[in-house]
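Peer 1: Sending over protein-v1.tsv (TSV, C-alpha atoms and all ligand atoms).
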```tsv
chain	number	residue	atom	x	y	z
B	216	MET	CA	126.25	96.01	86.22
B	217	LYS	CA	129.25	94.78	88.25
B	218	LYS	CA	128.98	91.28	89.63
B	219	ASN	CA	128.29	91.18	93.35
B	220	ALA	CA	127.40	94.89	93.35
B	221	ALA	CA	124.96	95.58	96.14
B	222	ALA	CA	121.43	96.06	94.85
B	223	PRO	CA	119.97	99.44	95.84
B	224	SER	CA	117.83	98.98	98.90
B	225	PRO	CA	114.17	99.86	98.36
B	226	ILE	CA	112.90	103.01	100.01
B	227	SER	CA	110.82	101.86	102.92
B	228	LEU	CA	108.29	104.03	104.64
B	229	SER	CA	107.08	103.42	108.16
B	230	GLU	CA	103.48	102.38	108.78
B	231	GLY	CA	102.75	105.87	110.09
B	232	GLU	CA	104.10	107.45	106.92
B	233	TYR	CA	101.94	105.15	104.76
B	234	THR	CA	98.91	106.02	106.89
B	235	THR	CA	99.62	109.74	106.38
B	236	ALA	CA	100.04	109.16	102.62
B	237	VAL	CA	96.74	107.27	102.41
B	238	LEU	CA	94.88	110.01	104.30
B	239	LYS	CA	96.44	112.75	102.16
B	240	ALA	CA	95.65	110.95	98.88
B	241	ILE	CA	91.98	110.58	99.85
B	242	GLU	CA	91.78	114.13	101.21
B	243	ASN	CA	93.16	115.54	97.96
B	244	ARG	CA	90.87	113.25	95.95
B	245	VAL	CA	93.89	111.82	94.13
B	246	LEU	CA	93.02	108.22	95.05
B	247	GLN	CA	89.68	107.11	96.39
B	248	SER	CA	89.54	103.32	96.69
B	249	ARG	CA	91.51	100.64	98.52
B	250	ALA	CA	92.61	99.12	95.19
B	251	SER	CA	93.92	102.40	93.77
B	252	LEU	CA	95.69	103.20	97.06
B	253	ALA	CA	97.41	99.79	97.03
B	254	ARG	CA	98.40	100.15	93.37
B	255	HIS	CA	99.74	103.70	93.50
B	256	LEU	CA	101.40	103.61	96.92
B	257	GLY	CA	103.02	100.20	96.32
B	258	LEU	CA	101.14	98.52	99.18
B	259	SER	CA	99.67	95.04	99.32
B	260	ARG	CA	95.86	95.04	99.18
B	261	THR	CA	95.82	93.66	102.72
B	262	THR	CA	98.03	96.47	104.06
B	263	ALA	CA	95.98	99.13	102.23
B	264	SER	CA	92.78	97.63	103.71
B	265	THR	CA	94.31	97.50	107.22
B	266	ILE	CA	95.33	101.17	107.03
B	267	VAL	CA	91.92	102.23	105.69
B	268	SER	CA	90.14	100.24	108.44
B	269	ARG	CA	92.26	101.96	111.07
B	270	LEU	CA	91.41	105.39	109.63
B	271	ILE	CA	87.72	104.50	109.54
B	272	GLY	CA	88.04	103.34	113.17
B	273	LEU	CA	89.45	106.76	114.05
B	274	ASN	CA	86.42	108.38	112.32
B	275	LEU	CA	88.74	110.12	109.88
B	276	LEU	CA	87.50	108.23	106.79
B	277	LYS	CA	84.15	106.88	105.69
B	278	GLU	CA	82.97	104.63	102.91
B	279	LYS	CA	80.81	106.14	100.21
B	280	HIS	CA	78.99	104.51	97.31
B	281	SER	CA	80.50	101.86	95.04
B	282	LEU	CA	82.98	102.62	92.30
B	283	ARG	CA	83.52	100.29	89.37
B	284	GLU	CA	87.22	100.05	88.49
B	285	GLY	CA	87.93	98.09	85.29
B	286	ARG	CA	86.36	94.65	85.03
B	287	GLY	CA	86.79	93.56	88.65
B	288	ARG	CA	84.42	93.79	91.55
B	289	PRO	CA	83.16	97.29	92.27
B	290	GLY	CA	85.39	99.12	94.76
B	291	ILE	CA	84.13	101.25	97.60
B	292	LEU	CA	84.79	104.96	97.30
B	293	LEU	CA	86.50	106.51	100.34
B	294	ASP	CA	86.14	110.05	101.64
B	295	LEU	CA	86.98	112.15	104.70
B	296	ASP	CA	84.38	111.59	107.43
B	297	GLU	CA	82.98	115.03	108.21
B	298	THR	CA	80.33	113.78	110.65
B	299	VAL	CA	82.27	113.15	113.89
B	300	TRP	CA	85.24	115.44	114.56
B	301	ARG	CA	85.06	119.18	114.95
B	302	VAL	CA	87.87	121.73	114.82
B	303	ILE	CA	88.13	125.22	116.31
B	304	GLY	CA	90.23	128.03	114.86
B	305	ALA	CA	90.49	131.67	115.95
B	306	GLU	CA	91.98	134.92	114.69
B	307	PHE	CA	92.64	138.35	116.14
B	308	HIS	CA	92.02	141.34	113.85
B	309	SER	CA	91.19	145.03	114.44
B	310	GLY	CA	90.40	144.53	118.14
B	311	PHE	CA	88.17	141.48	117.62
B	312	TRP	CA	88.63	137.75	118.21
B	313	SER	CA	86.83	135.68	115.56
B	314	PHE	CA	86.16	131.98	116.09
B	315	VAL	CA	85.12	129.25	113.64
B	316	GLU	CA	84.06	125.66	114.12
B	317	THR	CA	84.68	123.43	111.11
B	318	ASP	CA	84.27	119.80	110.14
B	319	LEU	CA	87.18	117.68	108.84
B	320	LYS	CA	86.67	119.07	105.33
B	321	GLY	CA	87.19	122.63	106.56
B	322	SER	CA	83.53	123.59	106.06
B	323	ILE	CA	82.55	126.27	108.56
B	324	VAL	CA	79.58	125.18	110.69
B	325	ARG	CA	79.55	127.96	113.31
B	326	THR	CA	81.19	131.33	113.99
B	327	MET	CA	81.48	133.76	116.89
B	328	SER	CA	83.15	137.13	117.34
B	329	ILE	CA	84.01	139.07	120.50
B	330	LYS	CA	85.40	142.57	120.96
B	331	VAL	CA	88.50	142.99	123.08
B	332	ASP	CA	88.21	146.05	125.34
B	333	ARG	CA	91.75	147.39	125.19
B	334	GLY	CA	94.59	147.16	122.69
B	335	ASP	CA	97.14	145.61	125.09
B	336	SER	CA	98.47	142.07	124.94
B	337	GLY	CA	96.87	141.19	128.33
B	338	SER	CA	93.35	141.85	126.99
B	339	PHE	CA	94.28	140.02	123.80
B	340	LEU	CA	95.21	136.90	125.83
B	341	SER	CA	92.29	136.98	128.27
B	342	GLY	CA	89.86	137.59	125.37
B	343	LEU	CA	91.23	134.51	123.63
B	344	VAL	CA	90.87	132.28	126.71
B	345	GLU	CA	87.33	133.50	127.42
B	346	GLY	CA	86.30	133.18	123.78
B	347	LEU	CA	87.69	129.66	123.38
B	348	ALA	CA	86.07	128.49	126.63
B	349	GLU	CA	82.71	129.95	125.58
B	350	PHE	CA	82.83	128.78	121.97
B	351	SER	CA	83.89	125.21	122.92
B	352	LYS	CA	80.73	124.69	124.99
B	353	ASP	CA	78.44	124.23	121.98
B	354	VAL	CA	80.58	122.16	119.65
B	355	GLY	CA	78.43	120.01	117.37
B	356	GLY	CA	80.63	116.90	117.56
B	357	GLU	CA	83.83	115.62	119.15
B	358	LEU	CA	86.49	118.30	119.40
B	359	LEU	CA	90.00	117.52	118.18
B	360	PRO	CA	92.14	118.47	121.21
B	361	ALA	CA	93.96	121.55	119.89
B	362	PHE	CA	93.08	125.12	118.96
B	363	GLY	CA	94.62	126.81	115.90
B	364	ILE	CA	95.20	130.54	116.44
B	365	GLY	CA	96.02	133.33	113.99
B	366	ALA	CA	97.87	136.13	115.81
B	367	PRO	CA	99.32	139.48	114.72
B	368	GLY	CA	103.05	140.05	114.25
B	369	LEU	CA	106.06	137.86	113.73
B	370	VAL	CA	105.20	134.47	115.24
B	371	ASP	CA	107.51	131.65	116.33
B	372	CYS	CA	105.20	128.69	115.55
B	373	ASP	CA	107.38	126.18	117.45
B	374	ARG	CA	107.29	128.15	120.70
B	375	GLY	CA	103.78	129.61	120.27
B	376	LEU	CA	105.25	133.06	120.75
B	377	ILE	CA	104.59	136.48	119.19
B	378	ILE	CA	108.19	137.67	118.80
B	379	ARG	CA	107.07	141.20	117.93
B	380	ALA	CA	103.98	142.96	116.59
B	381	ASP	CA	105.34	146.41	115.74
B	382	ASP	CA	102.03	147.98	114.70
B	383	LEU	CA	100.61	147.11	118.15
B	384	GLY	CA	103.82	147.73	120.12
B	385	TRP	CA	103.95	144.14	121.51
B	386	LYS	CA	107.06	142.03	122.13
B	387	ASN	CA	107.56	138.44	123.35
B	388	VAL	CA	103.93	137.50	124.02
B	389	LEU	CA	103.88	133.83	125.10
B	390	VAL	CA	100.45	132.97	123.70
B	391	SER	CA	100.54	129.15	123.72
B	392	GLU	CA	102.02	128.84	127.20
B	393	TYR	CA	99.41	131.20	128.68
B	394	VAL	CA	96.37	129.62	127.00
B	395	GLU	CA	97.52	126.02	127.45
B	396	LYS	CA	97.86	126.61	131.21
B	397	LYS	CA	94.38	128.10	131.42
B	398	LEU	CA	92.50	125.69	129.16
B	399	LYS	CA	94.65	122.52	129.33
B	400	SER	CA	94.51	122.19	125.55
B	401	LYS	CA	97.21	122.35	122.88
B	402	ILE	CA	97.58	125.71	121.07
B	403	LEU	CA	98.96	125.93	117.53
B	404	LEU	CA	99.97	129.52	116.72
B	405	ILE	CA	100.57	131.17	113.35
B	406	ASN	CA	100.75	134.72	111.98
B	407	ARG	CA	97.16	135.67	111.07
B	408	ASN	CA	97.93	136.51	107.46
B	409	ARG	CA	99.96	133.32	106.95
B	410	GLY	CA	96.96	131.42	108.34
B	411	ALA	CA	94.57	133.36	106.10
B	412	GLY	CA	96.77	132.57	103.10
B	413	LEU	CA	96.74	128.89	103.96
B	414	ALA	CA	92.92	128.93	104.13
B	415	GLU	CA	92.66	130.81	100.79
B	416	ALA	CA	95.07	128.36	99.14
B	417	ARG	CA	93.17	125.32	100.39
B	418	PHE	CA	89.53	126.42	100.41
B	419	GLY	CA	89.31	129.77	98.59
B	420	GLY	CA	90.59	131.50	95.47
B	421	GLY	CA	93.94	129.66	95.49
B	422	ARG	CA	92.48	126.16	95.60
B	423	GLY	CA	94.23	123.71	93.28
B	424	MET	CA	96.91	126.26	92.32
B	425	HIS	CA	100.62	125.62	92.40
B	426	GLN	CA	101.96	128.92	93.76
B	427	VAL	CA	99.87	131.45	95.65
B	428	VAL	CA	100.75	134.68	97.44
B	429	TYR	CA	98.31	136.10	99.97
B	430	ILE	CA	98.76	139.70	101.10
B	431	GLY	CA	96.88	140.75	104.23
B	432	ILE	CA	96.37	144.49	104.73
B	433	GLY	CA	95.15	145.74	108.09
B	434	THR	CA	96.86	147.91	110.68
B	435	GLY	CA	100.02	146.24	109.30
B	436	ILE	CA	100.89	144.30	106.15
B	437	SER	CA	102.21	140.77	105.83
B	438	ALA	CA	102.06	137.98	103.30
B	439	ALA	CA	101.94	134.21	102.93
B	440	PHE	CA	103.84	132.32	100.24
B	441	ILE	CA	102.23	128.96	99.52
B	442	ILE	CA	103.33	126.11	97.27
B	443	ASP	CA	100.86	123.28	96.57
B	444	GLY	CA	98.80	124.15	99.63
B	445	GLU	CA	101.80	124.24	101.99
B	446	LEU	CA	103.09	127.41	103.63
B	447	ILE	CA	106.72	128.51	103.31
B	448	HIS	CA	107.65	129.48	106.87
B	449	GLY	CA	111.26	130.54	106.25
B	450	THR	CA	114.18	129.45	108.42
B	451	SER	CA	112.98	131.44	111.44
B	452	PHE	CA	109.26	131.95	110.56
B	453	GLY	CA	109.96	135.30	108.86
B	454	ALA	CA	108.94	134.44	105.27
B	455	GLY	CA	106.24	136.88	104.16
B	456	GLU	CA	107.16	139.88	106.35
B	457	ILE	CA	106.72	142.20	103.39
B	458	GLY	CA	105.54	145.09	105.59
B	459	HIS	CA	109.19	145.70	106.41
B	460	ILE	CA	110.81	145.57	102.98
B	461	THR	CA	112.55	148.88	102.32
B	462	MET	CA	110.83	151.04	99.71
B	463	ASN	CA	112.84	154.22	100.39
B	464	LYS	CA	116.10	154.36	102.35
B	465	GLU	CA	115.42	157.99	103.36
B	466	GLY	CA	111.74	157.40	104.15
B	467	PRO	CA	109.89	157.92	107.44
B	468	LEU	CA	110.88	155.91	110.50
B	469	CYS	CA	108.98	152.63	110.93
B	470	ALA	CA	108.05	151.05	114.29
B	471	CYS	CA	110.56	148.26	113.49
B	472	GLY	CA	113.43	150.79	113.71
B	473	LYS	CA	114.24	151.00	109.99
B	474	ARG	CA	113.29	153.75	107.55
B	475	GLY	CA	110.96	153.72	104.57
B	476	CYS	CA	109.35	150.29	105.10
B	477	LEU	CA	106.27	149.37	103.03
B	478	HIS	CA	104.30	149.57	106.30
B	479	VAL	CA	104.80	153.34	106.63
B	480	TYR	CA	103.38	153.94	103.13
B	481	SER	CA	100.66	151.36	102.56
B	482	SER	CA	99.25	149.90	105.80
B	483	GLY	CA	95.86	150.91	107.19
B	484	THR	CA	97.73	152.90	109.81
B	485	ALA	CA	99.53	154.80	107.04
B	486	MET	CA	96.27	155.45	105.16
B	487	ALA	CA	94.65	156.90	108.29
B	488	LYS	CA	97.72	159.10	108.96
B	489	MET	CA	97.69	160.37	105.38
B	490	ALA	CA	93.99	161.25	105.63
B	491	ALA	CA	94.60	163.09	108.92
B	492	ALA	CA	97.55	165.04	107.47
B	493	SER	CA	95.58	166.05	104.37
B	494	ILE	CA	92.64	167.20	106.46
B	495	ALA	CA	95.04	169.20	108.68
B	496	GLU	CA	96.26	170.95	105.53
B	497	GLU	CA	92.62	171.89	105.02
B	498	LYS	CA	92.21	170.12	101.75
B	499	ASP	CA	88.68	170.33	100.51
B	500	SER	CA	86.90	167.19	101.61
B	501	GLY	CA	83.69	166.18	103.25
B	502	LEU	CA	85.76	163.94	105.48
B	503	GLU	CA	86.71	166.62	107.93
B	504	ASN	CA	83.59	166.21	110.04
B	505	LYS	CA	83.89	162.45	110.01
B	506	TRP	CA	87.49	162.77	111.11
B	507	LYS	CA	86.58	165.03	114.02
B	508	THR	CA	83.93	162.61	115.22
B	509	GLY	CA	86.42	159.73	115.15
B	510	GLU	CA	84.67	157.95	112.26
B	511	LEU	CA	87.79	158.06	110.13
B	512	ALA	CA	90.18	156.73	112.73
B	513	ASP	CA	91.42	153.78	110.67
B	514	GLY	CA	92.31	152.56	107.21
B	515	GLU	CA	89.03	150.68	106.77
B	516	ALA	CA	87.12	153.96	107.11
B	517	VAL	CA	89.39	155.64	104.53
B	518	CYS	CA	88.76	152.76	102.09
B	519	LEU	CA	85.01	152.93	102.56
B	520	ALA	CA	85.06	156.71	102.05
B	521	ALA	CA	87.06	156.12	98.85
B	522	LYS	CA	84.40	153.69	97.68
B	523	GLU	CA	81.83	156.45	98.20
B	524	GLY	CA	83.93	158.61	95.87
B	525	ASP	CA	85.51	161.01	98.41
B	526	ALA	CA	88.39	162.70	96.57
B	527	LEU	CA	90.72	162.93	99.57
B	528	ALA	CA	90.21	159.27	100.53
B	529	LEU	CA	90.79	158.23	96.91
B	530	GLU	CA	94.04	160.19	96.91
B	531	CYS	CA	95.20	158.41	100.10
B	532	LEU	CA	94.35	155.03	98.59
B	533	ARG	CA	96.17	155.86	95.37
B	534	ALA	CA	99.27	156.99	97.28
B	535	ALA	CA	99.29	153.79	99.39
B	536	SER	CA	98.83	151.69	96.24
B	537	LYS	CA	101.90	153.22	94.55
B	538	TYR	CA	104.16	151.49	97.06
B	539	LEU	CA	102.18	148.32	97.66
B	540	GLY	CA	101.64	147.87	93.90
B	541	LEU	CA	105.39	148.18	93.33
B	542	ALA	CA	106.05	145.62	96.09
B	543	ILE	CA	103.50	143.27	94.49
B	544	ALA	CA	105.17	143.73	91.09
B	545	ASN	CA	108.52	142.75	92.58
B	546	ILE	CA	107.00	139.71	94.31
B	547	ILE	CA	105.44	138.64	90.98
B	548	THR	CA	108.82	139.00	89.24
B	549	ILE	CA	110.70	137.08	91.94
B	550	TYR	CA	108.16	134.36	92.76
B	551	ASN	CA	106.21	133.90	89.47
B	552	PRO	CA	102.93	132.91	91.21
B	553	ASP	CA	99.61	131.75	89.72
B	554	LYS	CA	97.68	134.15	91.89
B	555	VAL	CA	98.15	137.10	94.26
B	556	ILE	CA	95.22	137.29	96.70
B	557	ILE	CA	94.60	140.62	98.43
B	558	GLY	CA	92.91	140.23	101.82
B	559	GLY	CA	92.88	141.34	105.44
B	560	PRO	CA	90.32	143.78	106.91
B	561	ILE	CA	91.30	146.47	104.36
B	562	GLY	CA	92.25	144.32	101.37
B	563	SER	CA	89.01	142.36	101.42
B	564	LEU	CA	86.80	145.49	101.42
B	565	ASP	CA	84.97	146.34	98.23
B	566	SER	CA	86.99	149.49	97.36
B	567	PRO	CA	89.02	150.86	94.43
B	568	LEU	CA	92.23	149.55	96.11
B	569	ILE	CA	92.37	146.30	94.11
B	570	ASP	CA	92.21	148.18	90.78
B	571	TYR	CA	94.92	150.61	91.86
B	572	LEU	CA	97.16	147.74	92.95
B	573	ARG	CA	96.60	145.86	89.70
B	574	ASN	CA	97.41	148.96	87.61
B	575	GLU	CA	100.57	149.67	89.56
B	576	ALA	CA	101.77	146.04	89.50
B	577	GLU	CA	101.23	145.95	85.72
B	578	LEU	CA	103.59	148.90	85.34
B	579	TRP	CA	106.52	147.27	87.12
B	580	ALA	CA	106.31	143.45	87.03
B	581	MET	CA	108.32	141.47	84.48
B	582	PRO	CA	105.91	140.83	81.55
B	583	HIS	CA	106.62	137.07	81.46
B	584	ALA	CA	105.54	136.59	85.09
B	585	LEU	CA	102.77	139.20	84.79
B	586	GLY	CA	101.19	137.25	81.94
B	587	ALA	CA	100.77	134.20	84.20
B	588	VAL	CA	99.34	135.82	87.32
B	589	LYS	CA	95.90	136.91	88.48
B	590	ILE	CA	95.54	139.58	91.17
B	591	GLU	CA	92.26	139.13	93.04
B	592	ARG	CA	90.49	140.10	96.20
B	593	SER	CA	90.08	137.45	98.94
B	594	ALA	CA	87.20	135.06	98.26
B	595	LEU	CA	86.59	133.79	101.78
B	596	GLY	CA	85.68	137.01	103.56
B	597	GLU	CA	85.86	137.70	107.26
B	598	SER	CA	86.40	134.26	108.81
B	599	VAL	CA	89.42	133.45	106.66
B	600	GLY	CA	92.11	133.94	109.33
B	601	ALA	CA	90.24	131.80	111.87
B	602	LEU	CA	89.80	129.15	109.18
B	603	GLY	CA	93.57	129.38	108.72
B	604	GLY	CA	93.96	128.55	112.42
B	605	ALA	CA	91.66	125.56	111.89
B	606	CYS	CA	93.94	124.43	109.00
B	607	LEU	CA	96.76	123.91	111.56
B	608	VAL	CA	94.56	121.53	113.55
B	609	LEU	CA	93.29	119.78	110.39
B	610	ASP	CA	96.91	119.14	109.39
B	611	ARG	CA	97.36	117.19	112.65
B	612	LYS	CA	94.05	115.32	112.62
B	613	LEU	CA	95.70	111.89	112.44
B	614	SER	CA	97.86	112.34	115.54
B	615	LEU	CA	95.14	114.24	117.46
B	616	ALA	CA	92.40	111.68	116.71
B	617	SER	CA	94.81	108.82	117.57
B	618	MET	CA	95.64	110.54	120.85
B	619	VAL	CA	91.95	110.72	121.82
B	620	ARG	CA	91.05	107.19	120.72
B	621	ASN	CA	94.14	105.53	122.23
B	622	LYS	CA	93.75	107.13	125.65
S	701	ZN	ZN	109.56	148.38	109.31
```
Rewrite the coordinates I just gave you, this time as structure tokens.
Ligand SMILES: [Zn+2]
Peer 2:
Amino acid sequence: MKKNAAAPSPISLSEGEYTTAVLKAIENRVLQSRASLARHLGLSRTTASTIVSRLIGLNLLKEKHSLREGRGRPGILLDLDETVWRVIGAEFHSGFWSFVETDLKGSIVRTMSIKVDRGDSGSFLSGLVEGLAEFSKDVGGELLPAFGIGAPGLVDCDRGLIIRADDLGWKNVLVSEYVEKKLKSKILLINRNRGAGLAEARFGGGRGMHQVVYIGIGTGISAAFIIDGELIHGTSFGAGEIGHITMNKEGPLCACGKRGCLHVYSSGTAMAKMAAASIAEEKDSGLENKWKTGELADGEAVCLAAKEGDALALECLRAASKYLGLAIANIITIYNPDKVIIGGPIGSLDSPLIDYLRNEAELWAMPHALGAVKIERSALGESVGALGGACLVLDRKLSLASMVRNK
């Protein structure tokens, strides 16, 4: 080393960054005592103890039973305190708002669902405000002062704005601004399937995995790409908009303005259209009566009919799977994930869809990546998107709890 060369300056974190690191390490069960936190984060024992005391004071951490580490005095095991704070998340899907209340560990303690009368963005917004106001009345603890919301379409998370939701015909819906004015509480907005993916990666079938893809199938299709429990948003929040990847340049026109998008072949809307067209061609199926009575108006109904063994519905599902399975194969080849989770109102139904998708993906994915991936149906069921909204609030628990306590 050259004489008088300047020694590299140590990387110094701020107190806030250390506090976040301590909370994260305990939350992820990587480190669970003051001594191990001090040792692994390069803190003095006093500083580690000060930070832990502050987090206990904010009711974010609690002490559990003793832990013997080596020969020294037994340490005290630390854990998230799930007894004080409560979090509310919500999601809009298929004309319903679903709400969940969770504790700090993301365990769901209460749910509620309300139907929105009309399919316009005004009813969507007023339903959300009414639902949040109603659901907040009976919270079983202290509420962290923000609501996490899963919304349809392409969402600008910074501005709390739905940029466009093509399957619903909405553009520029200022969700956060509207709700914050009405309820005087912070709104954190995310695309519903990105939120659902986050919840699956943290609490469901993707827990503990390195790379997870969640594909939500409803009236539209979109995905979430998650690495180590964190969502990839993309530069302008567009990462995961797989409903609009081009499958056929000469294909039918999509609501987004392009031709041959995955959406026009594989969404619930596409499945329902296919069923209607086949029935109009008078194909032999017991579905005709159901269609006339409006029972088969959406993709969910087609999937359920397929599960019952209806030949026409099975054909529609198989046709939709050809394109979606190919898209999944390409995602597996590009992204090399541990797991692809199929969810959303249609994807999470018990139907032959998952088998069709698996078979199709196996035909087209690169064998190396295919050998490492599992393709599974969503494990968390109906409340998953609302739980995803709650994840946004849980991610900010330190700043939100500090805000309340330091008022
Ligand atoms: Zn499109």
Peer 1: Which residue gives the smallest distance to Ala485 in chain B among B:Asp382, B:Ala526, B:Asp443, B:Lys399, with only C-alpha atoms counted?
Peer 2: B:Asp382
Peer 1: Taking all atoms listed in the file into account, which of B:Ala520, B:Ile291, B:Ile241, B:Val599 comes nearest Ala414 in chain B?
Peer 2: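 Closest residue, counting all atoms listed in the file: B:Val599.
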Peer 1: How would you write, as a list of chain:residue names, the set of residues no farther than 8 Å from ligand ZN 701 (chain S) when counting only C-alpha atoms and all ligand atoms?
Peer 2: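 So the residues close to ligand ZN 701 (chain S) are B:Asp381, B:Gly458, B:His459, B:Ile460, B:Thr461, B:Leu468, B:Cys469, B:Ala470, B:Cys471, B:Gly472, B:Lys473, B:Arg474, B:Gly475, B:Cys476, B:Leu477, B:His478, B:Val479.
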Peer 1: Pick out the residues sitting within 8 Å of Gly514 in chain B, and hand them over as a PyMOL selection string; count only C-alpha atoms, and ignore anything fewer than 2 positions along from it in its own chain.
Peer 2: chain B and resi 433-434+482-487+511-512+516-518+561
Peer 1: Kindly give the distance, in Å, that separates CA of Ser598 in chain B and CA of Leu276 in chain B, rounded to a single decimal.
Peer 2: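 Interatomic distance here is 26.1 Å.
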Peer 1: Could you tell me how far CA of Asn545 in chain B sits from CA of Leu572 in chain B, in Å to one decimal place?
Peer 2: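 These atoms are spaced 12.4 Å apart.
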Peer 1: Of the candidates B:Ala534, B:Ser248, B:Glu230, B:Arg592, which one gets nearest to Thr262 in chain B if we count all atoms listed in the file?
Peer 2: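 Once distances to Thr262 in chain B are computed over all atoms listed in the file, the minimum belongs to B:Glu230.
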Peer 1: Under the rule that all atoms listed in the file are counted, which of B:Gly334, B:Pro367, B:Gly342, B:Gly431 is the nearest residue to Ser563 in chain B?
Peer 2: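 Under the stated criterion, the closest residue is B:Gly431.
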Peer 1: Rank nothing, just name the residue among B:Asn274, B:Ser336, B:Gln426, B:Ser313 nearest to Leu615 in chain B, using all atoms listed in the file.
Peer 2: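 The closest residue to Leu615 in chain B is B:Asn274.
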Peer 1: What does the distance from CA of Asp553 in chain B to CA of Glu577 in chain B come to in Å, to one decimal?
Peer 2: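 According to the coordinates, CA of Asp553 in chain B and CA of Glu577 in chain B are separated by 14.8 Å.
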Peer 1: Which residue gives the smallest distance to Asp525 in chain B among B:Arg269, B:Leu252, B:Leu389, B:Ser566, with only C-alpha atoms counted?
Peer 2: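 Looking only at the distances to Asp525 in chain B, the closest residue turns out to be B:Ser566.
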Peer 1: Could you build a table of the residues in range 580-604 of chain B lying no more than 6 Å from range 302-311 of chain B, giving for each the nearest pair of atoms and their separation in Å rounded to one decimal place, using only C-alpha atoms, ordered by chain and ascending residue number, as JSON lines?
Peer 2:
```
{"residue": "B:Gly600", "atom": "CA", "partner": "B:Glu306", "partner_atom": "CA", "distance": 5.5}
{"residue": "B:Ala601", "atom": "CA", "partner": "B:Ala305", "partner_atom": "CA", "distance": 4.1}
{"residue": "B:Leu602", "atom": "CA", "partner": "B:Gly304", "partner_atom": "CA", "distance": 5.8}
{"residue": "B:Gly604", "atom": "CA", "partner": "B:Gly304", "partner_atom": "CA", "distance": 4.5}
```
Peer 1: Show me, as a PDB file with C-alpha atoms, in the coordinates of the input, the residues that have an atom within 10 Å of Met618 in chain B when counting all atoms listed in the file, minus same-chain residues fewer than 6 positions from it.
Peer 2:
```
ATOM      1  CA  LEU B 273      89.450 106.760 114.050  1.00  0.00           C
ATOM      2  CA  LEU B 359      90.000 117.520 118.180  1.00  0.00           C
ATOM      3  CA  PRO B 360      92.140 118.470 121.210  1.00  0.00           C
ATOM      4  CA  LYS B 612      94.050 115.320 112.620  1.00  0.00           C
TER       5      LYS B 612
END
```
Peer 1: Counting all atoms listed in the file, find residues at most 6 Å from (91.1, 134.2, 94.4) (file frame) and give them as a PyMOL selection string.
Peer 2: chain B and resi 420-421+556+591+593-594
Peer 1: Neighbouring residues of Gly272 in chain B were defined as those with any atom within 12 Å, considering only C-alpha atoms; residues of the same chain fewer than 3 positions away were excluded. Please report them as a count of residues only.
Peer 2: 16
